[in-house]
Every structure is written in structure tokens, then in C-alpha cells.
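Shown next: data-v8.cif, containing mmCIF, C-alpha atoms and all ligand atoms.
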```cif
data_work
#
loop_
_atom_site.label_atom_id
_atom_site.label_comp_id
_atom_site.auth_asym_id
_atom_site.auth_seq_id
_atom_site.Cartn_x
_atom_site.Cartn_y
_atom_site.Cartn_z
CA MET A 1 0.00 0.00 0.00
CA HIS A 2 1.65 3.24 -1.12
CA THR A 3 0.53 6.74 -1.92
CA THR A 4 1.51 9.73 -4.03
CA VAL A 5 2.54 12.92 -2.27
CA SER A 6 2.63 16.18 -4.25
CA ALA A 7 3.74 19.52 -2.82
CA ALA A 8 4.02 22.96 -4.41
CA GLY A 9 5.32 26.29 -3.11
CA LEU A 10 5.73 25.13 0.50
CA THR A 11 6.93 28.06 2.58
CA VAL A 12 7.56 28.21 6.34
CA ARG A 13 8.89 31.32 8.09
CA TYR A 14 10.28 31.56 11.60
CA GLY A 15 10.59 35.31 12.22
CA GLY A 16 12.99 36.52 9.54
CA THR A 17 14.16 32.99 8.63
CA ARG A 18 12.62 31.20 5.67
CA ALA A 19 13.05 27.58 6.75
CA LEU A 20 11.24 26.55 3.54
CA ASP A 21 11.16 28.83 0.55
CA GLY A 22 8.81 27.52 -2.13
CA VAL A 23 9.45 23.78 -2.01
CA GLY A 24 7.80 21.55 -4.61
CA LEU A 25 8.15 17.80 -4.85
CA ARG A 26 6.44 14.61 -5.92
CA LEU A 27 6.93 11.32 -4.08
CA THR A 28 5.81 7.91 -5.26
CA ASP A 29 6.37 4.40 -3.93
CA GLY A 30 9.82 3.39 -2.71
CA VAL A 31 12.37 5.29 -0.64
CA THR A 32 13.19 8.93 -1.44
CA GLY A 33 16.29 10.34 0.27
CA LEU A 34 16.30 13.93 1.53
CA LEU A 35 19.83 15.31 1.81
CA GLY A 36 20.94 18.74 2.95
CA PRO A 37 23.39 20.51 5.26
CA ASN A 38 22.47 21.51 8.83
CA GLY A 39 19.72 24.12 8.80
CA ALA A 40 18.70 23.29 5.22
CA GLY A 41 15.04 22.89 6.23
CA LYS A 42 14.81 19.08 6.17
CA THR A 43 13.13 18.70 9.57
CA THR A 44 10.76 21.56 8.80
CA LEU A 45 9.75 19.92 5.50
CA LEU A 46 9.18 16.58 7.23
CA ARG A 47 7.12 18.23 9.95
CA VAL A 48 4.95 19.95 7.33
CA LEU A 49 4.39 16.67 5.46
CA ALA A 50 3.62 14.94 8.79
CA THR A 51 0.97 17.67 9.38
CA ALA A 52 2.76 18.78 12.59
CA VAL A 53 3.42 22.29 11.19
CA PRO A 54 1.03 24.08 8.80
CA PRO A 55 2.87 25.87 5.97
CA ASP A 56 2.71 29.69 5.70
CA GLY A 57 2.40 29.32 1.94
CA GLY A 58 1.83 26.57 -0.62
CA GLY A 59 0.37 23.18 0.16
CA PHE A 60 0.46 19.46 -0.50
CA THR A 61 -1.72 16.43 -0.99
CA ALA A 62 -1.10 12.83 0.08
CA GLY A 63 -3.18 10.16 -1.59
CA GLY A 64 -5.25 12.98 -3.10
CA GLN A 65 -6.19 14.32 0.39
CA ASP A 66 -5.51 17.96 1.21
CA PRO A 67 -4.49 18.50 4.86
CA SER A 68 -5.48 22.18 4.82
CA THR A 69 -9.07 21.01 5.45
CA PRO A 70 -10.01 19.23 8.74
CA ALA A 71 -11.33 16.12 6.92
CA GLY A 72 -8.27 15.99 4.63
CA ARG A 73 -5.90 16.41 7.59
CA LEU A 74 -7.51 13.49 9.39
CA ALA A 75 -7.29 11.32 6.26
CA VAL A 76 -3.59 12.22 5.76
CA ARG A 77 -2.82 11.50 9.43
CA ARG A 78 -4.53 8.13 9.19
CA SER A 79 -2.28 7.13 6.28
CA LEU A 80 0.91 8.45 7.90
CA GLY A 81 3.76 7.03 9.97
CA TYR A 82 6.24 9.55 11.39
CA LEU A 83 9.58 8.89 13.04
CA PRO A 84 10.62 12.32 14.40
CA GLN A 85 14.19 13.35 15.27
CA ASN A 86 13.36 13.13 19.00
CA PRO A 87 10.62 10.52 19.45
CA GLY A 88 9.86 11.73 23.02
CA PHE A 89 10.03 8.32 24.69
CA HIS A 90 8.87 7.96 28.22
CA PRO A 91 11.92 6.08 29.57
CA ASP A 92 9.87 4.10 32.10
CA PHE A 93 7.56 2.71 29.40
CA THR A 94 8.39 -0.69 28.05
CA ALA A 95 8.84 -1.00 24.28
CA PHE A 96 5.39 -2.61 24.15
CA GLU A 97 3.76 0.12 26.25
CA PHE A 98 5.25 2.90 24.13
CA VAL A 99 4.16 1.39 20.81
CA ASP A 100 0.76 0.57 22.31
CA TYR A 101 0.40 4.18 23.44
CA VAL A 102 1.14 5.38 19.88
CA ALA A 103 -1.37 2.82 18.57
CA VAL A 104 -4.04 4.32 20.87
CA LEU A 105 -3.20 7.81 19.52
CA LYS A 106 -3.59 6.36 16.03
CA GLU A 107 -7.14 5.36 16.99
CA LEU A 108 -6.62 1.58 17.11
CA THR A 109 -9.24 1.25 19.79
CA GLY A 110 -10.09 -2.49 19.93
CA ARG A 111 -7.70 -3.77 22.61
CA THR A 112 -7.12 -7.29 21.27
CA ALA A 113 -6.60 -6.22 17.65
CA ARG A 114 -4.38 -3.34 18.81
CA HIS A 115 -2.17 -5.56 20.93
CA HIS A 116 -1.89 -7.93 17.99
CA GLU A 117 -0.78 -5.03 15.78
CA VAL A 118 1.77 -3.84 18.40
CA ARG A 119 3.28 -7.34 18.56
CA ARG A 120 3.34 -7.49 14.73
CA VAL A 121 5.34 -4.26 14.32
CA LEU A 122 7.72 -5.07 17.20
CA ASP A 123 8.30 -8.44 15.54
CA LEU A 124 8.90 -6.75 12.19
CA VAL A 125 11.74 -4.62 13.62
CA GLY A 126 13.26 -7.58 15.49
CA LEU A 127 12.26 -6.55 19.02
CA ALA A 128 9.89 -9.40 19.90
CA ASP A 129 12.25 -10.65 22.62
CA VAL A 130 12.70 -7.31 24.40
CA ARG A 131 9.20 -5.88 24.14
CA GLY A 132 8.77 -6.13 27.92
CA LEU A 133 11.97 -4.19 28.70
CA ARG A 134 11.87 -0.58 29.78
CA ILE A 135 13.06 1.82 27.05
CA LYS A 136 15.74 3.25 29.36
CA ARG A 137 17.40 -0.20 29.34
CA LEU A 138 17.57 -0.42 25.53
CA SER A 139 20.58 0.55 23.36
CA GLY A 140 20.37 3.53 20.98
CA GLY A 141 19.87 1.18 18.01
CA MET A 142 17.05 -0.65 19.77
CA ARG A 143 15.37 2.63 20.70
CA GLN A 144 15.44 3.67 17.04
CA ARG A 145 13.79 0.38 16.20
CA VAL A 146 11.08 1.06 18.80
CA ALA A 147 10.53 4.44 17.12
CA LEU A 148 10.30 2.75 13.71
CA ALA A 149 7.84 0.19 15.08
CA ALA A 150 5.71 3.08 16.39
CA ALA A 151 5.83 4.70 12.93
CA LEU A 152 4.75 1.42 11.30
CA VAL A 153 1.71 0.85 13.53
CA GLY A 154 -1.46 0.63 11.47
CA ASP A 155 0.48 -0.11 8.25
CA PRO A 156 0.67 3.49 6.95
CA ALA A 157 1.03 4.10 3.21
CA PHE A 158 3.32 7.11 3.74
CA LEU A 159 6.31 6.91 6.09
CA VAL A 160 8.31 9.99 7.13
CA LEU A 161 11.67 9.23 8.75
CA ASP A 162 13.80 12.04 10.22
CA GLU A 163 17.47 11.00 10.41
CA PRO A 164 16.74 7.50 11.71
CA THR A 165 20.34 6.31 11.21
CA VAL A 166 22.00 9.12 13.16
CA HIS A 167 24.02 7.98 16.22
CA LEU A 168 23.94 4.33 15.09
CA ASP A 169 27.12 2.30 14.78
CA PRO A 170 27.88 0.81 11.32
CA GLU A 171 26.34 -2.58 12.11
CA GLN A 172 23.17 -1.08 13.54
CA ARG A 173 23.00 1.31 10.59
CA MET A 174 23.17 -1.65 8.21
CA ARG A 175 20.37 -3.43 10.08
CA PHE A 176 18.30 -0.27 10.05
CA ARG A 177 18.82 0.12 6.31
CA GLU A 178 17.44 -3.38 5.81
CA LEU A 179 14.30 -2.39 7.73
CA ILE A 180 13.84 0.84 5.77
CA ALA A 181 14.33 -0.99 2.45
CA GLN A 182 11.74 -3.54 3.55
CA ALA A 183 9.31 -0.78 4.56
CA GLY A 184 9.85 0.91 1.17
CA GLU A 185 8.90 -2.21 -0.79
CA ASP A 186 5.22 -1.38 -0.50
CA ARG A 187 5.17 2.18 0.82
CA THR A 188 6.07 5.76 0.00
CA VAL A 189 8.99 6.59 2.30
CA LEU A 190 10.71 9.96 2.76
CA LEU A 191 14.04 9.54 4.55
CA SER A 192 15.98 12.54 5.80
CA THR A 193 19.65 11.76 6.34
CA HIS A 194 23.17 13.17 6.44
CA GLN A 195 24.55 9.85 5.21
CA THR A 196 25.07 9.80 1.45
CA GLU A 197 25.63 6.01 1.76
CA ASP A 198 22.01 5.68 3.01
CA VAL A 199 20.86 7.29 -0.22
CA ALA A 200 23.23 5.33 -2.46
CA MET A 201 22.13 2.03 -0.89
CA LEU A 202 18.40 2.58 -0.34
CA CYS A 203 16.88 5.24 -2.50
CA HIS A 204 15.46 5.33 -6.02
CA HIS A 205 14.92 9.09 -5.76
CA VAL A 206 16.88 11.86 -4.05
CA ILE A 207 16.10 15.48 -3.22
CA VAL A 208 18.79 17.92 -2.07
CA LEU A 209 17.58 20.83 0.03
CA ALA A 210 19.70 23.85 1.00
CA GLY A 211 18.60 27.23 2.33
CA GLY A 212 14.98 26.07 2.27
CA ARG A 213 14.99 25.37 -1.49
CA VAL A 214 15.20 22.25 -3.63
CA ARG A 215 18.65 22.23 -5.28
CA PHE A 216 18.40 18.83 -6.91
CA ASP A 217 15.59 16.36 -7.61
CA GLY A 218 16.38 13.18 -9.51
CA THR A 219 17.82 9.69 -9.25
CA PRO A 220 20.96 8.80 -7.28
CA ALA A 221 22.64 8.01 -10.63
CA GLU A 222 21.81 11.53 -11.89
CA LEU A 223 23.23 13.08 -8.70
CA THR A 224 26.42 11.04 -9.10
CA ALA A 225 26.60 12.11 -12.76
CA ARG A 226 26.78 15.76 -11.64
CA ALA A 227 30.38 14.95 -10.68
CA ALA A 228 31.30 13.17 -13.92
CA GLY A 229 34.60 14.59 -15.19
CA ARG A 230 35.01 16.65 -12.01
CA VAL A 231 36.85 14.22 -9.74
CA TRP A 232 40.54 13.60 -10.28
CA SER A 233 43.72 12.34 -8.70
CA SER A 234 46.91 14.37 -8.32
CA GLY A 235 50.25 14.19 -6.54
CA GLU A 236 49.48 17.32 -4.52
CA ARG A 237 46.46 19.44 -3.64
CA ALA A 238 45.19 20.87 -6.94
CA PRO A 239 44.42 24.63 -7.29
CA GLY A 240 41.03 24.06 -9.07
CA ALA A 241 39.74 21.77 -6.32
CA ARG A 242 36.63 22.84 -4.37
CA ALA A 243 37.46 19.99 -2.01
CA GLY A 244 40.59 17.88 -1.96
CA TRP A 245 42.16 15.48 0.49
CA ARG A 246 45.16 13.19 0.74
CA THR A 247 44.06 9.57 0.58
CA GLY A 248 45.63 6.53 2.23
CA SER A 249 47.62 5.82 -0.93
CA GLY A 250 49.35 9.24 -0.64
CA SER A 251 47.74 10.85 -3.72
CA TYR A 252 45.09 13.58 -3.54
CA ARG A 253 41.44 13.06 -4.46
CA ASN A 254 40.09 16.33 -5.79
CA VAL A 255 36.54 17.44 -6.57
CA GLY A 256 35.95 20.60 -8.59
CA ASP A 257 37.25 21.93 -11.90
CA PRO A 258 40.07 19.69 -13.12
CA PRO A 259 43.00 20.97 -15.20
CA ALA A 260 43.38 19.72 -18.80
CA GLY A 261 44.69 16.16 -18.97
CA ALA A 262 43.83 15.43 -15.31
CA ASP A 263 43.76 11.82 -14.16
CA LEU A 264 39.97 11.51 -13.80
CA LEU A 265 38.39 9.22 -11.19
CA GLU A 266 34.98 7.54 -11.00
CA PRO A 267 32.62 9.92 -9.10
CA THR A 268 30.47 8.90 -6.12
CA LEU A 269 27.06 10.17 -5.04
CA GLU A 270 28.82 12.14 -2.29
CA ASP A 271 30.93 13.95 -4.93
CA GLY A 272 27.75 14.88 -6.81
CA TYR A 273 26.11 16.10 -3.60
CA LEU A 274 29.16 18.22 -2.66
CA LEU A 275 29.18 19.83 -6.10
CA VAL A 276 25.43 20.59 -6.06
CA LEU A 277 25.92 22.41 -2.74
CA ASP A 278 29.13 24.08 -3.83
CA ASP A 279 27.79 25.23 -7.23
CA GLU A 280 24.81 26.70 -5.43
CA THR A 281 27.07 28.54 -2.92
CA GLN A 282 29.16 29.96 -5.76
CA GLU A 283 26.04 31.09 -7.69
CA ALA A 284 24.71 32.79 -4.53
CA ALA A 285 28.06 34.56 -3.99
CA ALA A 286 28.12 35.74 -7.62
CA ALA A 287 24.53 37.07 -7.49
N1 LIG B 301 10.96 26.32 15.86
C1 LIG B 301 11.83 27.10 15.24
N2 LIG B 301 11.99 28.42 15.58
C2 LIG B 301 12.84 29.21 14.94
N3 LIG B 301 13.64 28.83 13.91
C3 LIG B 301 13.56 27.55 13.54
C4 LIG B 301 12.67 26.61 14.18
N4 LIG B 301 12.81 25.41 13.58
C5 LIG B 301 13.75 25.57 12.62
N5 LIG B 301 14.20 26.84 12.58
C6 LIG B 301 15.21 27.39 11.64
O1 LIG B 301 14.79 27.02 10.34
C7 LIG B 301 15.92 26.61 9.55
C8 LIG B 301 15.72 25.18 9.07
O2 LIG B 301 15.78 24.30 10.21
P1 LIG B 301 15.55 22.72 10.10
O3 LIG B 301 15.64 22.18 11.50
O4 LIG B 301 14.32 22.46 9.33
O5 LIG B 301 16.83 22.27 9.24
P2 LIG B 301 17.47 20.80 9.07
O6 LIG B 301 17.86 20.70 7.63
O7 LIG B 301 16.54 19.77 9.59
O8 LIG B 301 18.77 20.89 9.97
P3 LIG B 301 19.54 19.69 10.77
O9 LIG B 301 20.15 18.83 9.71
O10 LIG B 301 20.54 20.46 11.55
O11 LIG B 301 18.51 18.98 11.61
C9 LIG B 301 17.14 26.81 10.42
O12 LIG B 301 17.68 28.09 10.15
C10 LIG B 301 16.58 26.74 11.83
O13 LIG B 301 17.38 27.49 12.72
#
```
Can I see the file as C-alpha cells?
Ligand SMILES: Nc1ncnc2c1ncn2[C@@H]1O[C@H](COP(=O)(O)OP(=O)(O)OP(=O)(O)O)[C@@H](O)[C@H]1O
Amino acid sequence: MHTTVSAAGLTVRYGGTRALDGVGLRLTDGVTGLLGPNGAGKTTLLRVLATAVPPDGGGFTAGGQDPSTPAGRLAVRRSLGYLPQNPGFHPDFTAFEFVDYVAVLKELTGRTARHHEVRRVLDLVGLADVRGLRIKRLSGGMRQRVALAAALVGDPAFLVLDEPTVHLDPEQRMRFRELIAQAGEDRTVLLSTHQTEDVAMLCHHVIVLAGGRVRFDGTPAELTARAAGRVWSSGERAPGARAGWRTGSGSYRNVGDPPAGADLLEPTLEDGYLLVLDDETQEAAAA
């Protein structure tokens, strides 16, 4: 069960700051990655799409429902799972109690069916064995899985995940990626992350946000292609490099504007992302 989400002109102002400045997007089934530097507006965008913050301008629909009307908002909320940056756990709740509490908020009122659903989602994220433990006794990775289970309660068609892999060690991150990929098989998932590997491994679609605006919207391959012919190796730091660092082999890996005859390297998604941000910074400085 998935849904289509379409947004146009989304604007959110906090005093003089435009956290979102006319954002448009279209999400379909599968996992879309949302990349952007600190303060880009990612959390604000996710909060708008999760109907936690109404936009000052523009709007969106999810599954054809418009959350600017009370009936539409209810319909969008019923089809939504949200994993916020700070899930607000009560540390004395057990994993089961927390997810059950979220299930009550999501209007799963029949106790037996609700408890069945809570066990199903805890099972799905691999927490069946620890569902009776208090959240304060769980590791960071397990807590993130509790938060994901809470987001999955009621089998929502649209899942909004705000930096779910942050603070996880590499093994936990890998396990979490498996869960997100699984969730994205039959859902529309929007995943905010600072990890370009998350996007390279999980996403069929990527949006780069900076300064409250969409700077790139396309496939991971298209983002990587932005750096084609712009990554090269040299014996020392190259003058045309926007970023350059000495690698373990002793040579420099440079990203930017290569000199003629440079020894070009295969670009990565991270190179493409760096150049999208850097090109945008240079354009802003020139304007
Ligand atoms: N409640 C708020 N009050 C005032 N300003 C805010 C508020 N929330 C966000 N902002 C500002 O809006 C801008 C976008 O913030 P947002 O948290 O959406 O960015 P982000 O991309 O999620 O950043 P990060 O990666 O650091 O979480 C920033 O300049 C931030 O300081």
C-alpha cells in the first residue's frame, strides 16, 4: 500500500528565517532520500508533510487528500507514519507500552486487535524478545527500532523518517537500512539523512535541500553524474579543487574543476552532492 505525495510552493517562516522557501516535490512508492546541510530545512519539511506544522504558503496532498481542510488532515494522518528526530520516549515505558500508546493515539481502539498489531510491528523490527523491557534499558539502536515500530503501527502508506540512522554504529545502521528498504517495498517513504551512503544504498529518488529550497531532484545516478569529469587524482592538492584530500595511498582526491589532462576518477554520489551544494554557494556569492 503506497501513496503519491505532491507539494508545491511550501513556505515556512520563523521570524525573519525562511526555513522553507517555495518547495515543490512529488513522491511515489519506494524510498526517497532527503539530503541537505544543517539548517537546510529538512526537519521543517518533514514536519509539514507529517501535518505537525502548517505551511505559511503553498500546500500538499497525500493520496489525493488535502491536509489544509479538517477532513483531509484526518485522512492524511490516518495514512501516515512519522519517526521524528526526537521521538519523546517515556523512559519508564516498556517497548510494548510505548508502541501501544502510539497505537491508541492512532485510533486503534479495539484492545485485542491493537495488541496484535503492536506485537506485529515489534516483531517486524526484530524486538519481539525485548518488548517487555523498559526503554531506558535499551541501546540507541534498539530505541530507534522502537521508534520505527511506532511509525509502522497501522500499516501506513506514507512513512516519514527524520534521520533515523543518526548515532547508530555501522552494524546497527546496516540493520536499520534493511528495515527501511523492507518498509519501502510497498510504501512511500521519505528519509531525511546526512549519510550519502544511506541514499546510495536505499533510495530510487533523491532530493537535495539547501537554504529552504530544492537544489536537486532526480535519481541517485543523476546526482552522481553531476560529478562526472570533475573528480581527479593528483600528486598534490590541486588549485582548481573545491574539495581535496590526501588519501591513504598518498595521492590527492580532488573534486571541482580539473585541469586539462587530469587523471579523472569515478565519481560517487557524495561527490555529486558536494558539487550541487558548492555550485549553489558559488552562484549565490556571484549574485
Ligand atoms: N521552531 C523554530 N523556531 C525558529 N527557527 C527555527 C525553528 N525550527 C527551525 N528553525 C530554523 O529554520 C531553519 C531550518 O531548520 P531545520 O531544523 O528544518 O533544518 P534541518 O535541515 O533539519 O537541519 P539539521 O540537519 O541540523 O537537523 C534553520 O535556520 C533553523 O534554525
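When all atoms listed in the file are used to compute distances to ligand LIG 301 (chain B), the closest of the residues A:Thr4, A:Arg119, A:Gly212, A:Leu148 turns out to be A:Gly212.
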Near-ligand residues for ligand LIG 301 (chain B), threshold 7 Å, all atoms listed in the file, as number ranges by chain: A: 14, 17-19, 36-45, 212
I'd like to know which of A:Arg213, A:Gly235, A:Leu274, A:Ser6 is closest to Thr247 in chain A, using only C-alpha atoms.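 The closest residue to Thr247 in chain A is A:Gly235.
Pairwise distance (CA of Gly16 in chain A, CA of Val214 in chain A) equals 19.5 Å.
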Residues proximal to (28.5, 11.1, 3.4) were defined as those with any atom within 12 Å of that point in the file's coordinates, counting only C-alpha atoms. Which are they, as a PyMOL selection string? chain A and resi 35-37+166+193-201+268-274
Which value, in Å to one decimal, gives the distance between CA of Arg143 in chain A and CA of Leu191 in chain A?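 Straight-line distance from CA of Arg143 in chain A to CA of Leu191 in chain A works out to 17.6 Å.
Between CA of Thr165 in chain A and CA of Val255 in chain A lies a distance of 26.5 Å.
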Would you mind listing what lies within 8 Å of Arg242 in chain A as a count of residues only, with only C-alpha atoms counted and same-chain residues fewer than 2 positions away left out? 7
List as a list in words the protein and nucleic acid residues near Gly218 in chain A, meaning an atom at most 10 Å away when all atoms listed in the file are counted, but skip any in the same chain fewer than 3 places from it. Thr32, His204, His205, Val206, Ile207, Val208, Ala221, Glu222 and Leu223 of chain A
Between range 179-287 of chain A and range 68-85 of chain A, at 12 Å or less, what are the per-residue closest atom pairs and their distances in Å? Count all atoms listed in the file, order by chain and rising residue number, and return it as CSV.
```
residue,atom,partner,partner_atom,distance
A:Ile180,CA,A:Leu83,CA,11.7
A:Ala183,CA,A:Gly81,CA,11.0
A:Arg187,CA,A:Leu80,CA,10.4
A:Thr188,CA,A:Leu80,CA,9.8
A:Val189,CA,A:Gly81,CA,9.3
A:Leu190,CA,A:Tyr82,CA,9.7
A:Leu191,CA,A:Leu83,CA,9.6
A:Ser192,CA,A:Gln85,CA,9.7
A:Thr193,CA,A:Gln85,CA,10.6
```
Prev. selection, C-alpha atoms, output as a PDB file, in the coordinates of the input:
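Writing the result to result_8.pdb gives the following:
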```
ATOM      1  CA  ILE A 180      13.840   0.840   5.770  1.00  0.00           C
ATOM      2  CA  ALA A 183       9.310  -0.780   4.560  1.00  0.00           C
ATOM      3  CA  ARG A 187       5.170   2.180   0.820  1.00  0.00           C
ATOM      4  CA  THR A 188       6.070   5.760   0.000  1.00  0.00           C
ATOM      5  CA  VAL A 189       8.990   6.590   2.300  1.00  0.00           C
ATOM      6  CA  LEU A 190      10.710   9.960   2.760  1.00  0.00           C
ATOM      7  CA  LEU A 191      14.040   9.540   4.550  1.00  0.00           C
ATOM      8  CA  SER A 192      15.980  12.540   5.800  1.00  0.00           C
ATOM      9  CA  THR A 193      19.650  11.760   6.340  1.00  0.00           C
TER      10      THR A 193
END
```
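Using all atoms listed in the file, the protein and nucleic acid residues lying no more than 8 Å from Gly22 in chain A, apart from those fewer than 5 places from it along its own chain, are Ala8, Gly9, Leu10, Thr11, Gly57, Gly58, Gly212 and Arg213 of chain A.
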